[in-house]
>>> print(open('protein01.pdb').read())   # PDB, C-alpha atoms, pLDDT in the B column
ATOM      1  CA  MET A   1       0.000   0.000   0.000  1.00 52.00           C
ATOM      2  CA  ALA A   2       2.866   2.351   0.817  1.00 58.00           C
ATOM      3  CA  THR A   3       4.424   1.628  -2.580  1.00 63.00           C
ATOM      4  CA  ILE A   4       1.166   2.469  -4.358  1.00 60.00           C
ATOM      5  CA  GLY A   5       0.979   5.692  -2.359  1.00 61.00           C
ATOM      6  CA  ARG A   6       4.512   6.695  -3.372  1.00 64.00           C
ATOM      7  CA  LEU A   7       3.846   5.821  -7.005  1.00 67.00           C
ATOM      8  CA  VAL A   8       0.632   7.847  -7.191  1.00 62.00           C
ATOM      9  CA  SER A   9       2.126  10.740  -5.230  1.00 62.00           C
ATOM     10  CA  GLY A  10       5.013  10.871  -7.680  1.00 65.00           C
ATOM     11  CA  CYS A  11       2.701  10.924 -10.701  1.00 69.00           C
ATOM     12  CA  ARG A  12       0.238  13.459  -9.333  1.00 65.00           C
ATOM     13  CA  PRO A  13       2.248  16.698  -9.799  1.00 65.00           C
ATOM     14  CA  ARG A  14       3.099  15.895 -13.425  1.00 69.00           C
ATOM     15  CA  SER A  15      -0.402  14.719 -14.290  1.00 76.00           C
ATOM     16  CA  LYS A  16      -1.911  17.697 -12.466  1.00 72.00           C
ATOM     17  CA  GLN A  17       0.049  20.120 -14.681  1.00 74.00           C
ATOM     18  CA  SER A  18      -0.941  18.298 -17.877  1.00 82.00           C
ATOM     19  CA  LEU A  19      -4.591  18.046 -16.876  1.00 84.00           C
ATOM     20  CA  ALA A  20      -4.690  21.729 -15.900  1.00 82.00           C
ATOM     21  CA  ALA A  21      -3.371  22.640 -19.360  1.00 86.00           C
ATOM     22  CA  ILE A  22      -5.964  20.453 -21.098  1.00 90.00           C
ATOM     23  CA  LEU A  23      -8.762  21.895 -18.966  1.00 88.00           C
ATOM     24  CA  GLY A  24      -7.561  25.467 -19.547  1.00 88.00           C
ATOM     25  CA  PHE A  25      -7.188  25.203 -23.306  1.00 90.00           C
ATOM     26  CA  THR A  26     -10.489  23.358 -23.641  1.00 91.00           C
ATOM     27  CA  ASP A  27     -12.209  26.154 -21.711  1.00 89.00           C
ATOM     28  CA  LEU A  28     -10.594  28.736 -24.012  1.00 90.00           C
ATOM     29  CA  LEU A  29     -11.814  26.866 -27.094  1.00 93.00           C
ATOM     30  CA  LEU A  30     -15.332  26.662 -25.664  1.00 93.00           C
ATOM     31  CA  GLU A  31     -15.336  30.451 -25.212  1.00 92.00           C
ATOM     32  CA  ASN A  32     -14.379  30.993 -28.865  1.00 93.00           C
ATOM     33  CA  PRO A  33     -17.532  31.914 -30.815  1.00 92.00           C
ATOM     34  CA  ALA A  34     -15.967  30.660 -34.070  1.00 93.00           C
ATOM     35  CA  ILE A  35     -16.001  27.040 -32.860  1.00 92.00           C
ATOM     36  CA  PRO A  36     -18.898  25.112 -34.503  1.00 92.00           C
ATOM     37  CA  GLU A  37     -21.548  23.520 -32.291  1.00 91.00           C
ATOM     38  CA  THR A  38     -20.523  19.970 -33.236  1.00 89.00           C
ATOM     39  CA  ALA A  39     -16.973  20.689 -32.073  1.00 92.00           C
ATOM     40  CA  ARG A  40     -18.347  22.208 -28.844  1.00 91.00           C
ATOM     41  CA  GLU A  41     -20.049  18.903 -28.005  1.00 90.00           C
ATOM     42  CA  ASP A  42     -16.727  17.093 -28.460  1.00 92.00           C
ATOM     43  CA  LEU A  43     -14.941  19.718 -26.382  1.00 93.00           C
ATOM     44  CA  GLN A  44     -17.502  19.230 -23.600  1.00 91.00           C
ATOM     45  CA  ILE A  45     -16.653  15.511 -23.612  1.00 91.00           C
ATOM     46  CA  ILE A  46     -12.930  16.326 -23.453  1.00 92.00           C
ATOM     47  CA  LEU A  47     -13.590  18.693 -20.560  1.00 90.00           C
ATOM     48  CA  HIS A  48     -15.701  16.134 -18.697  1.00 88.00           C
ATOM     49  CA  GLU A  49     -13.230  13.274 -19.245  1.00 88.00           C
ATOM     50  CA  THR A  50     -10.243  15.382 -18.249  1.00 88.00           C
ATOM     51  CA  GLN A  51     -12.013  16.253 -15.008  1.00 85.00           C
ATOM     52  CA  ARG A  52     -12.800  12.559 -14.576  1.00 83.00           C
ATOM     53  CA  THR A  53      -9.122  11.686 -15.062  1.00 83.00           C
ATOM     54  CA  LYS A  54      -8.216  14.285 -12.458  1.00 80.00           C
ATOM     55  CA  ASP A  55     -10.723  12.643 -10.094  1.00 77.00           C
ATOM     56  CA  ILE A  56      -9.247   9.186 -10.795  1.00 75.00           C
ATOM     57  CA  VAL A  57      -5.785  10.408  -9.753  1.00 73.00           C
ATOM     58  CA  GLN A  58      -7.344  11.824  -6.578  1.00 71.00           C
ATOM     59  CA  ASP A  59      -9.167   8.525  -6.004  1.00 68.00           C
ATOM     60  CA  LEU A  60      -5.874   6.648  -6.308  1.00 68.00           C
ATOM     61  CA  LEU A  61      -4.346   8.940  -3.712  1.00 65.00           C
ATOM     62  CA  SER A  62      -7.336   8.432  -1.447  1.00 63.00           C
ATOM     63  CA  PHE A  63      -7.132   4.658  -1.939  1.00 58.00           C
ATOM     64  CA  ALA A  64      -3.428   4.614  -1.135  1.00 60.00           C
ATOM     65  CA  ARG A  65      -4.145   6.614   2.016  1.00 56.00           C
ATOM     66  CA  GLN A  66      -7.313   4.599   2.725  1.00 49.00           C
ATOM     67  CA  ARG A  67      -9.576   7.630   2.988  1.00 48.00           C
ATOM     68  CA  PRO A  68     -13.328   7.066   3.057  1.00 60.00           C
ATOM     69  CA  VAL A  69     -15.219   7.499  -0.207  1.00 71.00           C
ATOM     70  CA  GLN A  70     -17.274  10.660  -0.694  1.00 76.00           C
ATOM     71  CA  ARG A  71     -20.922   9.742  -1.209  1.00 89.00           C
ATOM     72  CA  GLU A  72     -23.700  11.873  -2.642  1.00 94.00           C
ATOM     73  CA  LEU A  73     -27.052  11.399  -4.317  1.00 95.00           C
ATOM     74  CA  VAL A  74     -26.502  10.420  -7.957  1.00 95.00           C
ATOM     75  CA  GLN A  75     -28.849   9.739 -10.838  1.00 96.00           C
ATOM     76  CA  LEU A  76     -27.917   6.256 -12.085  1.00 96.00           C
ATOM     77  CA  ASN A  77     -29.545   6.817 -15.477  1.00 96.00           C
ATOM     78  CA  ASN A  78     -27.364   9.898 -16.050  1.00 94.00           C
ATOM     79  CA  VAL A  79     -24.200   8.076 -14.990  1.00 94.00           C
ATOM     80  CA  LEU A  80     -25.057   5.192 -17.336  1.00 96.00           C
ATOM     81  CA  ARG A  81     -25.817   7.510 -20.267  1.00 94.00           C
ATOM     82  CA  GLN A  82     -22.504   9.331 -19.802  1.00 89.00           C
ATOM     83  CA  THR A  83     -20.670   6.010 -19.623  1.00 90.00           C
ATOM     84  CA  ILE A  84     -22.365   4.674 -22.777  1.00 92.00           C
ATOM     85  CA  LYS A  85     -21.438   7.884 -24.581  1.00 88.00           C
ATOM     86  CA  LEU A  86     -17.759   7.232 -23.810  1.00 83.00           C
ATOM     87  CA  ARG A  87     -17.881   3.975 -25.771  1.00 87.00           C
ATOM     88  CA  SER A  88     -20.453   5.012 -28.387  1.00 86.00           C
ATOM     89  CA  TYR A  89     -17.893   5.453 -31.171  1.00 83.00           C
ATOM     90  CA  ASP A  90     -16.448   1.955 -30.696  1.00 84.00           C
ATOM     91  CA  PHE A  91     -19.904   0.444 -30.416  1.00 90.00           C
ATOM     92  CA  ALA A  92     -21.151   2.137 -33.585  1.00 88.00           C
ATOM     93  CA  SER A  93     -17.999   1.558 -35.643  1.00 86.00           C
ATOM     94  CA  HIS A  94     -17.930  -2.165 -34.800  1.00 90.00           C
ATOM     95  CA  GLY A  95     -21.637  -2.863 -35.259  1.00 91.00           C
ATOM     96  CA  VAL A  96     -22.481  -3.313 -31.577  1.00 93.00           C
ATOM     97  CA  GLU A  97     -26.073  -2.329 -30.862  1.00 95.00           C
ATOM     98  CA  VAL A  98     -26.774  -0.894 -27.414  1.00 96.00           C
ATOM     99  CA  THR A  99     -30.341  -0.775 -26.148  1.00 96.00           C
ATOM    100  CA  GLU A 100     -31.403   1.170 -23.094  1.00 96.00           C
ATOM    101  CA  SER A 101     -34.460   0.478 -21.002  1.00 96.00           C
ATOM    102  CA  PHE A 102     -34.232   2.989 -18.181  1.00 97.00           C
ATOM    103  CA  GLU A 103     -37.056   3.451 -15.721  1.00 95.00           C
ATOM    104  CA  ASP A 104     -38.264   7.048 -15.828  1.00 92.00           C
ATOM    105  CA  ASP A 105     -38.070   9.078 -12.640  1.00 90.00           C
ATOM    106  CA  LEU A 106     -35.681   6.647 -10.959  1.00 93.00           C
ATOM    107  CA  ALA A 107     -34.928   7.885  -7.447  1.00 92.00           C
ATOM    108  CA  PRO A 108     -31.365   9.075  -6.803  1.00 94.00           C
ATOM    109  CA  ALA A 109     -28.952   6.594  -5.237  1.00 93.00           C
ATOM    110  CA  LEU A 110     -26.350   7.295  -2.589  1.00 93.00           C
ATOM    111  CA  GLY A 111     -22.951   6.635  -4.102  1.00 93.00           C
ATOM    112  CA  ASP A 112     -19.808   7.967  -5.710  1.00 89.00           C
ATOM    113  CA  ALA A 113     -20.613   8.885  -9.336  1.00 87.00           C
ATOM    114  CA  GLN A 114     -16.962   8.551 -10.367  1.00 81.00           C
ATOM    115  CA  GLN A 115     -16.609   5.049  -8.963  1.00 84.00           C
ATOM    116  CA  LEU A 116     -19.990   3.974 -10.332  1.00 91.00           C
ATOM    117  CA  GLN A 117     -19.000   5.203 -13.786  1.00 88.00           C
ATOM    118  CA  GLN A 118     -15.733   3.263 -13.581  1.00 83.00           C
ATOM    119  CA  VAL A 119     -17.608   0.080 -12.619  1.00 90.00           C
ATOM    120  CA  PHE A 120     -20.117   0.533 -15.460  1.00 94.00           C
ATOM    121  CA  LEU A 121     -17.305   1.295 -17.911  1.00 89.00           C
ATOM    122  CA  ASN A 122     -15.446  -1.875 -16.906  1.00 86.00           C
ATOM    123  CA  ILE A 123     -18.604  -3.952 -17.377  1.00 91.00           C
ATOM    124  CA  LEU A 124     -19.299  -2.353 -20.772  1.00 93.00           C
ATOM    125  CA  ASN A 125     -15.683  -2.944 -21.834  1.00 88.00           C
ATOM    126  CA  ASN A 126     -16.001  -6.608 -20.907  1.00 87.00           C
ATOM    127  CA  ALA A 127     -19.351  -6.875 -22.715  1.00 91.00           C
ATOM    128  CA  TYR A 128     -17.839  -5.236 -25.806  1.00 91.00           C
ATOM    129  CA  ASP A 129     -14.904  -7.679 -25.768  1.00 88.00           C
ATOM    130  CA  ALA A 130     -17.270 -10.632 -25.306  1.00 88.00           C
ATOM    131  CA  VAL A 131     -19.490  -9.699 -28.250  1.00 90.00           C
ATOM    132  CA  GLN A 132     -16.444  -9.085 -30.439  1.00 86.00           C
ATOM    133  CA  GLU A 133     -15.158 -12.581 -29.623  1.00 84.00           C
ATOM    134  CA  SER A 134     -18.519 -14.201 -30.409  1.00 81.00           C
ATOM    135  CA  GLY A 135     -18.251 -13.545 -34.141  1.00 79.00           C
ATOM    136  CA  GLN A 136     -21.886 -12.459 -34.429  1.00 83.00           C
ATOM    137  CA  ARG A 137     -23.533  -9.034 -34.479  1.00 89.00           C
ATOM    138  CA  GLY A 138     -23.069  -7.677 -30.977  1.00 92.00           C
ATOM    139  CA  HIS A 139     -25.895  -6.561 -28.741  1.00 96.00           C
ATOM    140  CA  ILE A 140     -25.626  -5.044 -25.262  1.00 96.00           C
ATOM    141  CA  ALA A 141     -28.808  -4.354 -23.270  1.00 97.00           C
ATOM    142  CA  ILE A 142     -28.807  -2.021 -20.273  1.00 97.00           C
ATOM    143  CA  SER A 143     -31.763  -1.491 -17.993  1.00 97.00           C
ATOM    144  CA  THR A 144     -32.580   0.186 -14.697  1.00 97.00           C
ATOM    145  CA  LYS A 145     -35.535  -0.254 -12.398  1.00 96.00           C
ATOM    146  CA  ARG A 146     -36.702   0.185  -8.853  1.00 94.00           C
ATOM    147  CA  ASP A 147     -37.042  -3.049  -6.896  1.00 90.00           C
ATOM    148  CA  GLY A 148     -38.637  -2.186  -3.556  1.00 89.00           C
ATOM    149  CA  ASP A 149     -36.141  -0.037  -1.675  1.00 89.00           C
ATOM    150  CA  SER A 150     -33.343  -0.948  -4.084  1.00 93.00           C
ATOM    151  CA  LEU A 151     -32.324   0.197  -7.541  1.00 95.00           C
ATOM    152  CA  GLU A 152     -31.274  -2.400 -10.072  1.00 96.00           C
ATOM    153  CA  VAL A 153     -28.929  -1.968 -13.020  1.00 96.00           C
ATOM    154  CA  ALA A 154     -28.809  -4.923 -15.422  1.00 96.00           C
ATOM    155  CA  ILE A 155     -26.278  -5.205 -18.244  1.00 96.00           C
ATOM    156  CA  SER A 156     -26.410  -8.202 -20.574  1.00 94.00           C
ATOM    157  CA  ASP A 157     -24.821  -9.085 -23.896  1.00 94.00           C
ATOM    158  CA  ASN A 158     -24.895 -11.824 -26.511  1.00 93.00           C
ATOM    159  CA  GLY A 159     -21.187 -12.517 -26.146  1.00 88.00           C
ATOM    160  CA  THR A 160     -19.216 -15.600 -25.268  1.00 81.00           C
ATOM    161  CA  GLY A 161     -20.152 -15.685 -21.583  1.00 81.00           C
ATOM    162  CA  ILE A 162     -18.077 -16.238 -18.454  1.00 79.00           C
ATOM    163  CA  THR A 163     -16.497 -19.691 -18.287  1.00 78.00           C
ATOM    164  CA  ASP A 164     -15.673 -19.598 -14.566  1.00 81.00           C
ATOM    165  CA  PRO A 165     -18.295 -17.405 -12.823  1.00 82.00           C
ATOM    166  CA  GLN A 166     -17.215 -18.494  -9.324  1.00 86.00           C
ATOM    167  CA  ARG A 167     -13.971 -16.548  -9.791  1.00 84.00           C
ATOM    168  CA  ILE A 168     -15.291 -13.175 -10.960  1.00 80.00           C
ATOM    169  CA  PHE A 169     -14.844 -11.602  -7.525  1.00 80.00           C
ATOM    170  CA  ASP A 170     -11.296 -12.906  -7.034  1.00 80.00           C
ATOM    171  CA  PRO A 171      -8.836 -10.002  -6.862  1.00 73.00           C
ATOM    172  CA  PHE A 172      -6.911  -9.546 -10.125  1.00 68.00           C
ATOM    173  CA  TYR A 173      -8.817 -12.347 -11.880  1.00 72.00           C
ATOM    174  CA  THR A 174      -9.080 -11.866 -15.625  1.00 72.00           C
ATOM    175  CA  THR A 175     -10.115 -13.907 -18.611  1.00 69.00           C
ATOM    176  CA  LYS A 176      -7.979 -11.766 -20.895  1.00 68.00           C
ATOM    177  CA  GLN A 177      -4.872 -13.311 -22.407  1.00 66.00           C
ATOM    178  CA  VAL A 178      -1.528 -11.798 -21.424  1.00 62.00           C
ATOM    179  CA  GLY A 179      -1.084  -8.586 -23.387  1.00 57.00           C
ATOM    180  CA  LYS A 180      -4.805  -8.308 -24.171  1.00 57.00           C
ATOM    181  CA  ALA A 181      -5.932  -6.414 -21.054  1.00 51.00           C
ATOM    182  CA  ARG A 182      -7.099  -2.862 -21.661  1.00 48.00           C
ATOM    183  CA  ASP A 183      -4.785  -0.181 -20.397  1.00 39.00           C
ATOM    184  CA  TRP A 184      -7.229   2.687 -20.925  1.00 38.00           C
ATOM    185  CA  ALA A 185     -10.218   1.621 -18.875  1.00 37.00           C
TER     186      ALA A 185
END
>>> encode(input="protein01.pdb", output="structure tokens")
Amino acid sequence: MATIGRLVSGCRPRSKQSLAAILGFTDLLLENPAIPETAREDLQIILHETQRTKDIVQDLLSFARQRPVQRELVQLNNVLRQTIKLRSYDFASHGVEVTESFEDDLAPALGDAQQLQQVFLNILNNAYDAVQESGQRGHIAISTKRDGDSLEVAISDNGTGITDPQRIFDPFYTTKQVGKARDWA
């Protein structure tokens, strides 16, 4: 744990400078009236994802120091939509259909939006990989609903499936071959 803390602490100042530059220049571009609306939407994504990256670095520092997670009321449907948007280009360019069935007016949930988005992104990445391996047209279905006092998020795909489901909660367990693990998720 101490080693992770030193590693993250060493990376933070350099990443903080780079992220500040990206945030600053993106803000300047957004203020430029000559930028077309379609480019503004992309710049908003860059701005949001840069802030998310900044939060991930902070989360790593918090993890290394074992600080408690900050919890707030979050709208799961919004977090899911933002997460889907991150992968929408890959989905569309590789023929993966994503269907959403989100319950309207879903009550907010107490949680950390950043961590929830990371969990959803990891699941979507795995679903994407599974449907790509299946050799058929990929389909990922995502739904939300209220179940009594709980909220349920269901993500399913028509991919290859999990061969050893008893191990999915083992730390560092992966079905990916060496060299195939994603380094960007």
>>> atom_distance(input="protein01.pdb", atom1="CA of Thr163 in chain A", atom2="CA of Val98 in chain A")
23.3 Å
>>> resolve_selection(input="protein01.pdb", expression="the PyMOL selection byres ((chain A and resi 82) around 12)", output="mmCIF file with C-alpha atoms, keeping the file's coordinate frame")
data_model
loop_
_atom_site.group_PDB
_atom_site.id
_atom_site.type_symbol
_atom_site.label_atom_id
_atom_site.label_comp_id
_atom_site.auth_asym_id
_atom_site.auth_seq_id
_atom_site.Cartn_x
_atom_site.Cartn_y
_atom_site.Cartn_z
ATOM 1 C CA GLN A 44 -17.502 19.230 -23.600
ATOM 2 C CA ILE A 45 -16.653 15.511 -23.612
ATOM 3 C CA HIS A 48 -15.701 16.134 -18.697
ATOM 4 C CA GLU A 49 -13.230 13.274 -19.245
ATOM 5 C CA ARG A 52 -12.800 12.559 -14.576
ATOM 6 C CA GLN A 75 -28.849 9.739 -10.838
ATOM 7 C CA LEU A 76 -27.917 6.256 -12.085
ATOM 8 C CA ASN A 77 -29.545 6.817 -15.477
ATOM 9 C CA ASN A 78 -27.364 9.898 -16.050
ATOM 10 C CA VAL A 79 -24.200 8.076 -14.990
ATOM 11 C CA LEU A 80 -25.057 5.192 -17.336
ATOM 12 C CA ARG A 81 -25.817 7.510 -20.267
ATOM 13 C CA THR A 83 -20.670 6.010 -19.623
ATOM 14 C CA ILE A 84 -22.365 4.674 -22.777
ATOM 15 C CA LYS A 85 -21.438 7.884 -24.581
ATOM 16 C CA LEU A 86 -17.759 7.232 -23.810
ATOM 17 C CA ARG A 87 -17.881 3.975 -25.771
ATOM 18 C CA SER A 88 -20.453 5.012 -28.387
ATOM 19 C CA ALA A 113 -20.613 8.885 -9.336
ATOM 20 C CA GLN A 114 -16.962 8.551 -10.367
ATOM 21 C CA LEU A 116 -19.990 3.974 -10.332
ATOM 22 C CA GLN A 117 -19.000 5.203 -13.786
ATOM 23 C CA GLN A 118 -15.733 3.263 -13.581
ATOM 24 C CA PHE A 120 -20.117 0.533 -15.460
ATOM 25 C CA LEU A 121 -17.305 1.295 -17.911
#
>>> closest_residue(input="protein01.pdb", among="A:Arg137, A:Asn126, A:Pro108, A:Glu97", to="Glu152 in chain A", atoms="only C-alpha atoms")
A:Pro108
>>> closest_residue(input="protein01.pdb", among="A:Ser150, A:Thr50, A:Ser143, A:Ser93", to="Gln17 in chain A", atoms="only C-alpha atoms")
A:Thr50
>>> resolve_selection(input="protein01.pdb", expression="the PyMOL selection byres ((chain A and resi 54) around 10)", output="ChimeraX atom specification")
/A:12,15-16,18-20,48-53,55-59
>>> atom_distance(input="protein01.pdb", atom1="CA of Asn32 in chain A", atom2="CA of Tyr89 in chain A")
25.9 Å
>>> closest_residue(input="protein01.pdb", among="A:Thr144, A:Pro165, A:Glu103, A:Asp90", to="Asp129 in chain A", atoms="all atoms listed in the file")
A:Asp90
>>> atom_distance(input="protein01.pdb", atom1="CA of Phe102 in chain A", atom2="CA of Ile46 in chain A")
25.7 Å
>>> closest_residue(input="protein01.pdb", among="A:Ala109, A:Leu124, A:Val131, A:Leu29", to="Asp149 in chain A", atoms="only C-alpha atoms")
A:Ala109
>>> axis_aligned_box(input="protein01.pdb", around="range 20-36 of chain A", padding_each_side="8 Å", output="AutoDock Vina command-line options")
--center_x -11.1 --center_y 26.2 --center_z -25.2 --size_x 31.5 --size_y 27.5 --size_z 34.6
>>> resolve_selection(input="protein01.pdb", expression="the PyMOL selection byres ((chain A and resi 139) around 12)", output="JSON, numbers by chain")
{"A": [91, 92, 94, 95, 96, 97, 98, 99, 100, 124, 127, 128, 129, 130, 131, 132, 134, 135, 136, 137, 138, 140, 141, 142, 155, 156, 157, 158, 159, 160]}
>>> closest_residue(input="protein01.pdb", among="A:Gly111, A:Thr174, A:Leu30, A:Ala39", to="Gln70 in chain A", atoms="only C-alpha atoms")
A:Gly111
